[in-house]
>>> print(open('upload_32.txt').read())   # compact mmCIF, C-alpha atoms and all ligand atoms
# COMPACT_ATOMS: atom_id res chain seq x y z
CA MET A 1 131.26 100.73 51.94
CA ARG A 2 132.72 99.57 48.64
CA GLY A 3 133.98 101.62 45.71
CA GLN A 4 136.51 104.21 44.70
CA VAL A 5 136.80 107.97 44.99
CA ARG A 6 139.12 110.64 43.56
CA ILE A 7 140.63 113.01 46.09
CA SER A 8 140.43 116.72 45.15
CA GLY A 9 143.21 119.29 45.17
CA ALA A 10 144.12 120.50 48.66
CA LYS A 11 142.02 123.33 50.09
CA ASN A 12 144.86 124.41 52.39
CA ALA A 13 147.30 124.61 49.50
CA THR A 14 144.88 126.42 47.16
CA LEU A 15 143.95 129.19 49.62
CA PRO A 16 147.47 130.58 50.17
CA MET A 17 148.32 130.16 46.49
CA LEU A 18 145.27 132.26 45.56
CA ALA A 19 146.52 134.93 47.98
CA ALA A 20 150.00 134.63 46.41
CA ALA A 21 148.53 135.58 43.02
CA LEU A 22 148.31 139.13 44.39
CA LEU A 23 152.11 139.34 44.28
CA THR A 24 152.27 139.45 40.48
CA GLY A 25 150.56 141.25 37.63
CA GLU A 26 150.89 138.17 35.45
CA GLU A 27 148.47 135.27 35.02
CA CYS A 28 148.54 132.40 37.55
CA ALA A 29 146.81 129.09 36.84
CA LEU A 30 146.05 126.57 39.61
CA VAL A 31 145.27 123.14 38.17
CA ASP A 32 142.95 120.83 40.15
CA ALA A 33 141.80 123.64 42.44
CA PRO A 34 138.84 122.27 44.43
CA ARG A 35 135.31 123.70 44.20
CA LEU A 36 134.68 124.64 47.85
CA ARG A 37 133.00 127.38 49.82
CA ASP A 38 136.34 128.50 51.24
CA THR A 39 137.98 128.75 47.83
CA ALA A 40 134.91 130.62 46.54
CA VAL A 41 135.29 133.12 49.40
CA MET A 42 138.96 133.61 48.56
CA GLU A 43 138.05 134.11 44.90
CA ALA A 44 135.50 136.74 45.96
CA ILE A 45 138.12 138.49 48.10
CA LEU A 46 140.52 138.62 45.13
CA THR A 47 137.75 139.89 42.85
CA SER A 48 136.90 142.64 45.37
CA LEU A 49 140.54 143.77 45.13
CA GLY A 50 140.36 143.98 41.34
CA VAL A 51 141.87 140.59 40.47
CA ALA A 52 140.46 138.94 37.33
CA VAL A 53 139.49 135.41 38.38
CA HIS A 54 137.90 132.75 36.21
CA SER A 55 137.90 128.95 35.99
CA GLU A 56 138.45 126.65 33.04
CA THR A 57 138.51 122.88 32.66
CA ASP A 58 141.62 121.11 31.39
CA GLY A 59 141.89 118.05 29.11
CA GLU A 60 141.55 115.71 32.10
CA GLY A 61 138.39 117.41 33.36
CA ARG A 62 140.21 119.12 36.20
CA ARG A 63 139.23 122.63 37.21
CA VAL A 64 141.86 125.29 36.46
CA LEU A 65 141.50 128.46 38.51
CA VAL A 66 143.03 131.42 36.68
CA ALA A 67 143.84 134.68 38.50
CA ARG A 68 145.48 137.82 37.18
CA ALA A 69 146.11 140.70 39.54
CA GLY A 70 147.01 143.03 36.66
CA SER A 71 146.15 146.31 38.31
CA LEU A 72 144.95 146.09 41.87
CA GLU A 73 142.21 148.63 42.56
CA ALA A 74 141.88 148.23 46.30
CA TRP A 75 143.81 147.22 49.36
CA HIS A 76 140.83 146.96 51.69
CA VAL A 77 139.25 143.52 52.06
CA PRO A 78 135.52 143.79 52.73
CA GLU A 79 134.44 142.71 56.20
CA ARG A 80 131.60 140.45 55.05
CA LEU A 81 134.13 138.27 53.21
CA VAL A 82 136.89 138.30 55.80
CA GLY A 83 134.40 137.37 58.50
CA GLU A 84 133.62 134.11 56.72
CA MET A 85 137.09 132.71 56.77
CA ARG A 86 139.96 133.11 59.16
CA SER A 87 142.51 132.18 56.52
CA SER A 88 141.98 135.55 54.87
CA ILE A 89 144.63 136.98 57.20
CA PHE A 90 147.29 135.74 54.80
CA ILE A 91 146.08 138.28 52.29
CA MET A 92 148.09 140.83 54.27
CA GLY A 93 151.53 139.55 53.32
CA PRO A 94 151.02 139.64 49.54
CA LEU A 95 149.11 142.97 49.68
CA LEU A 96 151.91 144.58 51.68
CA GLY A 97 154.49 143.15 49.31
CA ARG A 98 152.71 144.34 46.17
CA LEU A 99 150.92 147.55 47.30
CA ARG A 100 152.79 148.38 50.52
CA ARG A 101 149.51 148.63 52.37
CA ALA A 102 146.60 146.43 53.48
CA ARG A 103 143.43 146.84 55.50
CA ILE A 104 141.35 143.91 56.68
CA SER A 105 138.90 143.35 59.48
CA TYR A 106 139.69 140.83 62.22
CA PRO A 107 139.38 137.42 60.48
CA GLY A 108 136.47 135.18 61.42
CA GLY A 109 136.56 131.42 60.90
CA CYS A 110 135.57 128.22 62.67
CA ALA A 111 134.18 127.59 66.11
CA ILE A 112 137.36 125.73 67.08
CA GLY A 113 138.59 128.23 69.59
CA PRO A 114 140.45 131.54 69.67
CA ARG A 115 142.41 132.16 66.52
CA PRO A 116 145.03 134.78 67.41
CA ILE A 117 147.17 136.35 64.72
CA ASP A 118 149.95 137.75 66.91
CA MET A 119 152.70 135.83 65.10
CA HIS A 120 151.48 137.13 61.75
CA LEU A 121 151.52 140.75 62.93
CA ARG A 122 154.83 140.48 64.81
CA GLY A 123 156.56 138.98 61.75
CA LEU A 124 155.13 141.59 59.37
CA THR A 125 156.31 144.32 61.76
CA GLN A 126 159.81 142.81 61.71
CA LEU A 127 159.68 143.03 57.91
CA GLY A 128 159.01 146.77 58.17
CA ALA A 129 155.22 147.02 58.26
CA VAL A 130 153.59 149.62 60.51
CA ILE A 131 150.44 148.02 61.89
CA ARG A 132 147.48 149.69 63.60
CA GLU A 133 144.56 147.76 65.05
CA ARG A 134 141.45 149.85 65.53
CA GLY A 135 137.70 149.53 65.26
CA GLY A 136 137.93 145.85 64.42
CA TYR A 137 140.25 146.54 61.51
CA ILE A 138 143.92 145.85 61.02
CA GLU A 139 145.68 148.47 58.92
CA ALA A 140 149.22 147.91 57.73
CA GLU A 141 151.53 149.99 55.58
CA THR A 142 155.19 150.13 54.78
CA PRO A 143 157.65 152.33 52.90
CA GLY A 144 158.93 149.01 51.53
CA LEU A 145 159.41 145.63 53.21
CA VAL A 146 162.97 144.72 54.18
CA GLY A 147 164.23 141.18 54.81
CA ALA A 148 164.60 140.13 58.46
CA GLU A 149 165.44 137.21 60.74
CA ILE A 150 162.12 136.00 62.20
CA HIS A 151 161.59 133.40 64.95
CA LEU A 152 158.06 131.98 65.27
CA ASP A 153 156.97 131.09 68.82
CA PHE A 154 155.05 128.15 67.34
CA PRO A 155 155.18 126.50 63.89
CA SER A 156 152.02 128.27 62.72
CA VAL A 157 150.92 127.24 59.21
CA GLY A 158 149.27 130.54 58.37
CA ALA A 159 152.00 132.72 59.85
CA THR A 160 154.65 130.75 57.93
CA GLU A 161 152.73 131.24 54.67
CA ASN A 162 151.89 134.90 55.30
CA LEU A 163 155.50 135.81 56.09
CA MET A 164 156.92 133.74 53.22
CA MET A 165 154.69 135.66 50.80
CA ALA A 166 155.50 139.04 52.37
CA ALA A 167 159.23 138.30 52.08
CA VAL A 168 159.15 137.43 48.35
CA LEU A 169 159.28 141.09 47.17
CA ALA A 170 161.07 142.45 50.23
CA ARG A 171 164.52 144.01 49.82
CA GLY A 172 167.20 141.54 50.92
CA THR A 173 167.03 138.15 52.60
CA THR A 174 164.49 136.86 55.12
CA VAL A 175 164.99 133.76 57.24
CA ILE A 176 161.97 132.46 59.14
CA HIS A 177 162.80 130.01 61.96
CA ASN A 178 160.55 127.41 63.61
CA THR A 179 158.38 127.31 60.51
CA ALA A 180 155.51 124.86 59.97
CA LYS A 181 156.48 121.91 57.75
CA GLU A 182 153.10 121.00 56.26
CA PRO A 183 153.10 119.77 52.61
CA GLU A 184 150.91 122.76 51.72
CA ILE A 185 153.83 125.04 52.61
CA VAL A 186 156.16 123.13 50.30
CA ASP A 187 153.48 123.41 47.59
CA LEU A 188 153.27 127.19 48.14
CA GLN A 189 157.07 127.46 47.93
CA ASN A 190 157.13 125.46 44.66
CA PHE A 191 154.37 127.64 43.20
CA LEU A 192 156.08 130.91 44.21
CA ASN A 193 159.42 129.72 42.83
CA LYS A 194 157.70 128.95 39.50
CA LEU A 195 156.64 132.63 39.48
CA GLY A 196 160.28 133.66 39.99
CA ALA A 197 160.58 133.81 43.77
CA ARG A 198 163.72 132.51 45.48
CA ILE A 199 162.61 130.43 48.45
CA ARG A 200 164.38 127.48 50.06
CA GLY A 201 163.71 125.31 53.10
CA GLY A 202 159.98 124.64 52.70
CA GLY A 203 159.18 121.50 54.69
CA THR A 204 161.98 122.15 57.17
CA ASP A 205 161.97 124.32 60.29
CA ALA A 206 163.78 127.21 58.59
CA ILE A 207 162.78 128.95 55.37
CA ARG A 208 165.06 131.40 53.53
CA VAL A 209 163.60 133.93 51.08
CA ASP A 210 165.87 136.06 48.90
CA GLY A 211 163.77 139.05 47.83
CA VAL A 212 163.27 139.72 44.11
CA ALA A 213 162.05 142.85 42.31
CA SER A 214 158.97 141.29 40.75
CA LEU A 215 157.32 137.99 39.83
CA GLY A 216 156.03 136.59 36.54
CA GLY A 217 153.13 134.23 35.92
CA GLY A 218 152.95 130.46 35.95
CA GLU A 219 150.90 127.28 36.18
CA HIS A 220 150.91 124.84 39.08
CA THR A 221 149.03 121.65 39.89
CA VAL A 222 147.74 121.68 43.46
CA ILE A 223 148.76 118.72 45.64
CA PRO A 224 145.98 116.29 46.66
CA ASP A 225 144.08 117.05 49.85
CA ARG A 226 145.59 114.81 52.56
CA ILE A 227 142.85 115.75 55.03
CA GLU A 228 140.08 114.81 52.60
CA ALA A 229 141.91 111.52 51.95
CA GLY A 230 142.21 110.83 55.68
CA THR A 231 138.51 111.58 56.08
CA TYR A 232 137.56 108.93 53.52
CA LEU A 233 139.91 106.40 55.14
CA ALA A 234 138.07 107.10 58.41
CA ALA A 235 134.72 106.64 56.62
CA VAL A 236 135.71 103.04 55.82
CA GLY A 237 136.89 102.56 59.40
CA ALA A 238 133.55 103.83 60.70
CA ALA A 239 131.21 102.00 58.32
CA ARG A 240 133.42 98.98 57.47
CA GLY A 241 134.04 97.70 53.93
CA GLU A 242 136.74 98.73 51.48
CA ALA A 243 137.65 101.61 49.21
CA ARG A 244 140.27 102.86 46.78
CA LEU A 245 141.33 106.49 46.99
CA GLU A 246 142.91 107.96 43.84
CA ASN A 247 145.04 111.11 43.58
CA VAL A 248 146.80 110.73 46.93
CA ILE A 249 150.40 111.32 48.04
CA PRO A 250 150.72 108.58 50.69
CA GLU A 251 153.83 110.13 52.26
CA HIS A 252 151.69 113.14 53.28
CA LEU A 253 149.66 110.79 55.46
CA ASP A 254 152.45 108.80 57.18
CA ALA A 255 151.30 109.57 60.74
CA VAL A 256 147.64 108.99 59.80
CA LEU A 257 148.31 105.64 58.10
CA SER A 258 150.36 104.53 61.09
CA LYS A 259 147.64 105.36 63.63
CA PHE A 260 144.78 104.03 61.51
CA GLY A 261 146.79 100.83 61.01
CA GLU A 262 147.24 100.57 64.79
CA ALA A 263 143.45 100.85 65.14
CA GLY A 264 142.97 97.92 62.74
CA LEU A 265 142.45 99.44 59.27
CA GLN A 266 144.24 97.48 56.52
CA ILE A 267 145.79 100.09 54.23
CA HIS A 268 147.79 99.39 51.07
CA ARG A 269 149.94 102.15 49.59
CA GLU A 270 150.44 102.69 45.89
CA ALA A 271 152.44 105.49 44.24
CA ASP A 272 149.47 107.86 44.00
CA ALA A 273 146.61 105.90 45.57
CA LEU A 274 145.55 104.16 48.76
CA SER A 275 143.43 101.04 49.20
CA VAL A 276 141.77 100.60 52.59
CA GLN A 277 139.81 97.71 54.08
CA CYS A 278 138.09 97.27 57.43
CA GLY A 279 136.25 94.06 58.16
CA ARG A 280 136.04 94.03 61.94
CA ARG A 281 135.62 96.19 65.03
CA LEU A 282 138.53 98.57 65.50
CA GLU A 283 140.82 98.53 68.53
CA ALA A 284 140.92 101.51 70.90
CA THR A 285 143.83 103.78 69.93
CA ASP A 286 145.31 106.93 71.47
CA PHE A 287 145.70 110.00 69.22
CA LYS A 288 147.64 113.19 69.95
CA THR A 289 147.61 115.98 67.37
CA LEU A 290 150.89 117.71 66.60
CA PRO A 291 152.31 120.00 63.94
CA TYR A 292 153.26 118.15 60.74
CA PRO A 293 154.58 115.47 60.41
CA GLY A 294 152.60 114.55 63.54
CA TYR A 295 148.95 113.47 63.48
CA PRO A 296 146.94 116.41 62.07
CA THR A 297 144.38 118.30 64.15
CA ASP A 298 142.14 118.40 61.04
CA LEU A 299 141.67 114.64 61.41
CA GLN A 300 141.07 114.67 65.18
CA PRO A 301 137.25 114.74 65.00
CA GLN A 302 137.32 111.84 62.54
CA ALA A 303 139.59 109.83 64.89
CA THR A 304 137.16 110.57 67.74
CA VAL A 305 134.38 108.97 65.68
CA LEU A 306 136.48 105.84 65.06
CA ALA A 307 137.10 105.58 68.80
CA CYS A 308 133.35 105.74 69.57
CA THR A 309 132.77 102.15 68.45
CA ALA A 310 136.28 100.73 68.95
CA ARG A 311 137.00 97.99 71.50
CA GLY A 312 138.33 99.66 74.66
CA ILE A 313 139.16 103.18 75.84
CA SER A 314 140.87 105.73 73.54
CA MET A 315 142.53 108.98 74.66
CA ILE A 316 142.31 111.70 72.02
CA THR A 317 144.30 114.87 72.70
CA ASP A 318 144.31 117.98 70.52
CA THR A 319 147.44 120.02 71.31
CA ILE A 320 146.82 122.46 68.44
CA PHE A 321 143.21 123.54 69.05
CA PRO A 322 142.39 122.44 72.62
CA SER A 323 138.70 123.23 72.30
CA ARG A 324 138.20 121.47 68.98
CA PHE A 325 135.71 119.00 70.44
CA THR A 326 132.41 120.51 69.30
CA GLN A 327 131.50 117.13 67.83
CA VAL A 328 131.54 115.46 71.28
CA GLN A 329 128.14 116.59 72.55
CA GLU A 330 126.64 115.67 69.17
CA LEU A 331 128.21 112.21 69.29
CA ARG A 332 126.84 111.72 72.81
CA ARG A 333 123.36 112.26 71.34
CA MET A 334 124.14 109.27 69.12
CA GLY A 335 125.03 107.12 72.12
CA ALA A 336 128.77 107.70 72.32
CA ASP A 337 130.47 107.44 75.74
CA ILE A 338 132.92 110.37 75.78
CA ARG A 339 134.33 112.32 78.73
CA LEU A 340 136.21 115.60 78.11
CA GLU A 341 139.23 116.26 80.32
CA GLY A 342 140.82 119.54 79.23
CA ARG A 343 142.24 119.02 75.76
CA THR A 344 141.66 115.26 75.89
CA ALA A 345 138.56 113.27 74.98
CA VAL A 346 138.38 109.94 76.85
CA VAL A 347 136.27 107.70 74.62
CA THR A 348 134.91 104.36 75.81
CA GLY A 349 133.90 102.35 72.77
CA VAL A 350 130.29 101.16 72.47
CA ARG A 351 129.02 98.46 70.12
CA ARG A 352 127.06 100.81 67.86
CA LEU A 353 125.95 104.42 67.63
CA SER A 354 122.29 105.25 67.01
CA GLY A 355 121.09 107.66 64.36
CA ALA A 356 119.97 111.12 65.52
CA THR A 357 119.64 114.69 64.33
CA VAL A 358 122.97 116.42 65.04
CA SER A 359 124.46 119.77 64.09
CA ALA A 360 127.84 120.63 62.62
CA SER A 361 129.68 123.70 63.90
CA ASP A 362 132.90 123.54 61.90
CA LEU A 363 134.03 121.79 58.75
CA ARG A 364 135.99 118.90 60.25
CA SER A 365 133.60 118.10 63.10
CA GLY A 366 130.78 118.30 60.56
CA ALA A 367 132.52 115.75 58.35
CA ALA A 368 133.09 113.56 61.42
CA LEU A 369 129.34 113.63 62.18
CA VAL A 370 128.62 112.45 58.64
CA LEU A 371 131.00 109.53 59.25
CA ALA A 372 129.25 108.79 62.53
CA GLY A 373 125.95 108.70 60.63
CA LEU A 374 127.43 106.11 58.25
CA ALA A 375 128.41 103.95 61.23
CA ALA A 376 125.18 104.39 63.22
CA GLU A 377 122.08 102.22 63.28
CA GLY A 378 119.18 104.02 61.64
CA THR A 379 119.16 107.42 60.00
CA THR A 380 121.18 110.49 61.00
CA VAL A 381 120.47 114.06 59.91
CA VAL A 382 123.50 116.39 60.03
CA GLU A 383 122.37 120.02 60.14
CA GLY A 384 124.72 122.85 59.18
CA ILE A 385 126.15 120.94 56.24
CA HIS A 386 127.32 124.27 54.78
CA HIS A 387 130.21 124.04 57.26
CA VAL A 388 131.24 120.76 55.64
CA ASP A 389 130.98 122.28 52.16
CA ARG A 390 133.77 124.70 53.17
CA GLY A 391 136.31 121.90 52.92
CA TYR A 392 134.78 118.90 51.12
CA GLU A 393 133.92 118.89 47.43
CA GLU A 394 130.64 117.03 46.72
CA ILE A 395 130.86 114.98 49.90
CA GLU A 396 127.51 113.26 49.40
CA SER A 397 128.26 112.11 45.83
CA LYS A 398 131.74 110.89 46.80
CA LEU A 399 130.34 108.94 49.76
CA ALA A 400 127.46 107.61 47.63
CA ALA A 401 130.07 106.34 45.14
CA LEU A 402 131.46 104.35 48.08
CA GLY A 403 128.04 102.85 48.75
CA ALA A 404 126.72 105.22 51.40
CA VAL A 405 122.96 105.86 51.52
CA ILE A 406 123.13 109.64 51.81
CA GLN A 407 121.26 112.62 50.42
CA ARG A 408 121.36 116.40 50.81
CA LEU A 409 118.12 117.89 52.15
CA GLU A 410 117.55 121.39 50.76
C1 LIG A 501 145.88 126.09 59.27
O1 LIG A 501 145.19 127.03 60.07
C2 LIG A 501 144.79 125.34 58.53
N1 LIG A 501 144.04 126.26 57.68
C3 LIG A 501 143.87 124.66 59.55
O2 LIG A 501 142.91 123.90 58.82
C4 LIG A 501 144.69 123.73 60.42
O3 LIG A 501 143.86 123.18 61.42
C5 LIG A 501 145.84 124.50 61.09
O4 LIG A 501 146.62 125.16 60.07
C6 LIG A 501 146.76 123.59 61.89
O5 LIG A 501 147.30 122.62 61.07
C7 LIG A 501 144.56 126.59 56.46
O6 LIG A 501 145.64 126.17 56.10
C8 LIG A 501 143.74 127.51 55.63
P1 LIG A 501 148.00 127.73 62.79
P2 LIG A 501 146.03 128.20 60.81
O7 LIG A 501 148.36 129.16 62.59
O8 LIG A 501 147.11 128.68 59.92
C9 LIG A 501 147.99 129.44 67.19
C10 LIG A 501 140.80 123.20 58.17
O9 LIG A 501 140.05 122.46 58.81
N2 LIG A 501 148.40 130.73 66.61
O10 LIG A 501 148.99 126.67 62.45
O11 LIG A 501 145.07 129.19 61.34
C11 LIG A 501 146.57 129.06 66.82
O12 LIG A 501 145.65 129.66 67.69
C12 LIG A 501 141.54 124.30 58.90
O13 LIG A 501 141.07 123.08 56.94
C13 LIG A 501 148.73 131.78 67.46
O14 LIG A 501 148.68 131.65 68.68
O15 LIG A 501 146.66 127.39 62.03
C14 LIG A 501 146.58 127.56 66.97
O16 LIG A 501 146.41 127.21 68.34
C15 LIG A 501 141.04 124.45 60.31
N3 LIG A 501 149.11 132.97 66.92
C16 LIG A 501 148.00 127.18 66.56
O17 LIG A 501 148.78 128.39 66.63
C17 LIG A 501 149.19 133.16 65.56
O18 LIG A 501 149.58 134.27 65.12
C18 LIG A 501 148.08 126.63 65.15
O19 LIG A 501 147.51 127.57 64.31
C19 LIG A 501 148.84 132.09 64.72
C20 LIG A 501 148.46 130.89 65.26
>>> encode(input="upload_32.txt", output="structure tokens")
Amino acid sequence: MRGQVRISGAKNATLPMLAAALLTGEECALVDAPRLRDTAVMEAILTSLGVAVHSETDGEGRRVLVARAGSLEAWHVPERLVGEMRSSIFIMGPLLGRLRRARISYPGGCAIGPRPIDMHLRGLTQLGAVIRERGGYIEAETPGLVGAEIHLDFPSVGATENLMMAAVLARGTTVIHNTAKEPEIVDLQNFLNKLGARIRGGGTDAIRVDGVASLGGGEHTVIPDRIEAGTYLAAVGAARGEARLENVIPEHLDAVLSKFGEAGLQIHREADALSVQCGRRLEATDFKTLPYPGYPTDLQPQATVLACTARGISMITDTIFPSRFTQVQELRRMGADIRLEGRTAVVTGVRRLSGATVSASDLRSGAALVLAGLAAEGTTVVEGIHHVDRGYEEIESKLAALGAVIQRLE
């Protein structure tokens, strides 16, 4: 691999911010919003609720997604859209805040294991929502949300975002404890505060929201996608060579850069870019996913691929989504030596993987299989590439710009 690539705006920052646009009747503009299947689904959900959504291009060629929830017509999110993406559950908070009611079917999502929403529903109930679950739908309504003291059992990203957004228009103060600290949550806080919200503590384990009567409009540039950046770092580790990644916030990848460095990747940080080089076989390295700032679960499949051809035995544990190893049986078809023990993959490095036809079942394991194909001898066909398109903008053209021989088969 040799070349440079620009990292897109973060999918997992854009999705909650699109949901947050429901909280105001004014125009919201998200600069550098990525063109992805997941963001397209969220746009369709907003449109189905009566939100005017369109995209423009700014002077630097970046996409600007503009949403204006002037007069919401509906509070029921159609099942066909919710089923495509689990993240749609955080529509509930803004809908309850703005319309005092919401109705969505049980969210669908990836094949990475059960995706409960108990913390979302418990927190919304504490804020004064009355929630009924029946016939595969969740219906919520409230005479008006009231600030509360909420303790999350686990620092859930989605629950933190959902409850933050619900609290913005609630009467009084809300404090959410044991919150997730991901950069995307800080980005959501900054965006909401630009609209007139009063939120503090994003990025720490306690977030305070002082309710306001209403929000205005505003423009916000989405932070770069740290998971996409980590995926391209792993691509160089898998296929060897060097690359320069532009539009990166290196601090958002501290744990990733540390582990990839331990494995043998040479990474140089700049203010808003990363240069990465890999000239030799990587060393076996243990990975354990944790809530931010720990190593992210969304880069666990990519780390598993690096371990497949590293020297020695690597232990890869996913504490967030214990069954997020759908890529393992596909990698075995390519010659990988991997044993699953509960939530840990024990990977014994082999010299090289061999090309094969493999199938993706979720967006991150799909991306990992593409990386494995870059590292393997011969040709690899990754089926189910639509999963990858949920979270990676133009993956084949970005990888081709780095020298990969890759094409999309219609
Ligand atoms: C967000 O999902 C991300 N999605 C995921 O990225 C990411 O893997 C995950 O956070 C962890 O970092 C978006 O931001 C859109 P969680 P989310 O709530 O919010 C359990 C990708 O590849 N849990 O932090 O759904 C849950 O089952 C996607 O871009 C409950 O038990 O993750 C999981 O084990 C995949 N009850 C753990 O918490 C709840 O009410 C972490 O989930 C909520 C979550």
>>> residues_around(input="upload_32.txt", residues="Glu184 (chain A)", least_positions_apart="3", cutoff="7 Å", atoms="all atoms listed in the file", output="list of chain:residue names")
A:Asn12, A:Ala13, A:Asp187, A:Leu188
>>> atom_distance(input="upload_32.txt", atom1="atom O13 of ligand LIG 501 (chain A)", atom2="CA of Ile223 (chain A)")
14.3 Å
>>> closest_residue(input="upload_32.txt", among="A:Asn193, A:Ser156, A:Thr380, A:Asn162", to="Ala180 (chain A)", atoms="only C-alpha atoms")
A:Ser156
>>> residues_around(input="upload_32.txt", residues="region 388-394 of chain A", least_positions_apart="3", cutoff="7 Å", atoms="only C-alpha atoms", output="count of residues only")
14
>>> closest_residue(input="upload_32.txt", among="A:Thr297, A:Asn247, A:Ser214, A:Thr174", to="Ile7 (chain A)", atoms="all atoms listed in the file")
A:Asn247
>>> closest_residue(input="upload_32.txt", among="A:Ala159, A:Cys278, A:Val5, A:Val82", to="Ala400 (chain A)", atoms="only C-alpha atoms")
A:Val5
>>> closest_residue(input="upload_32.txt", among="A:Ile150, A:Val256, A:Cys308, A:Val222", to="Gly294 (chain A)", atoms="all atoms listed in the file")
A:Val256
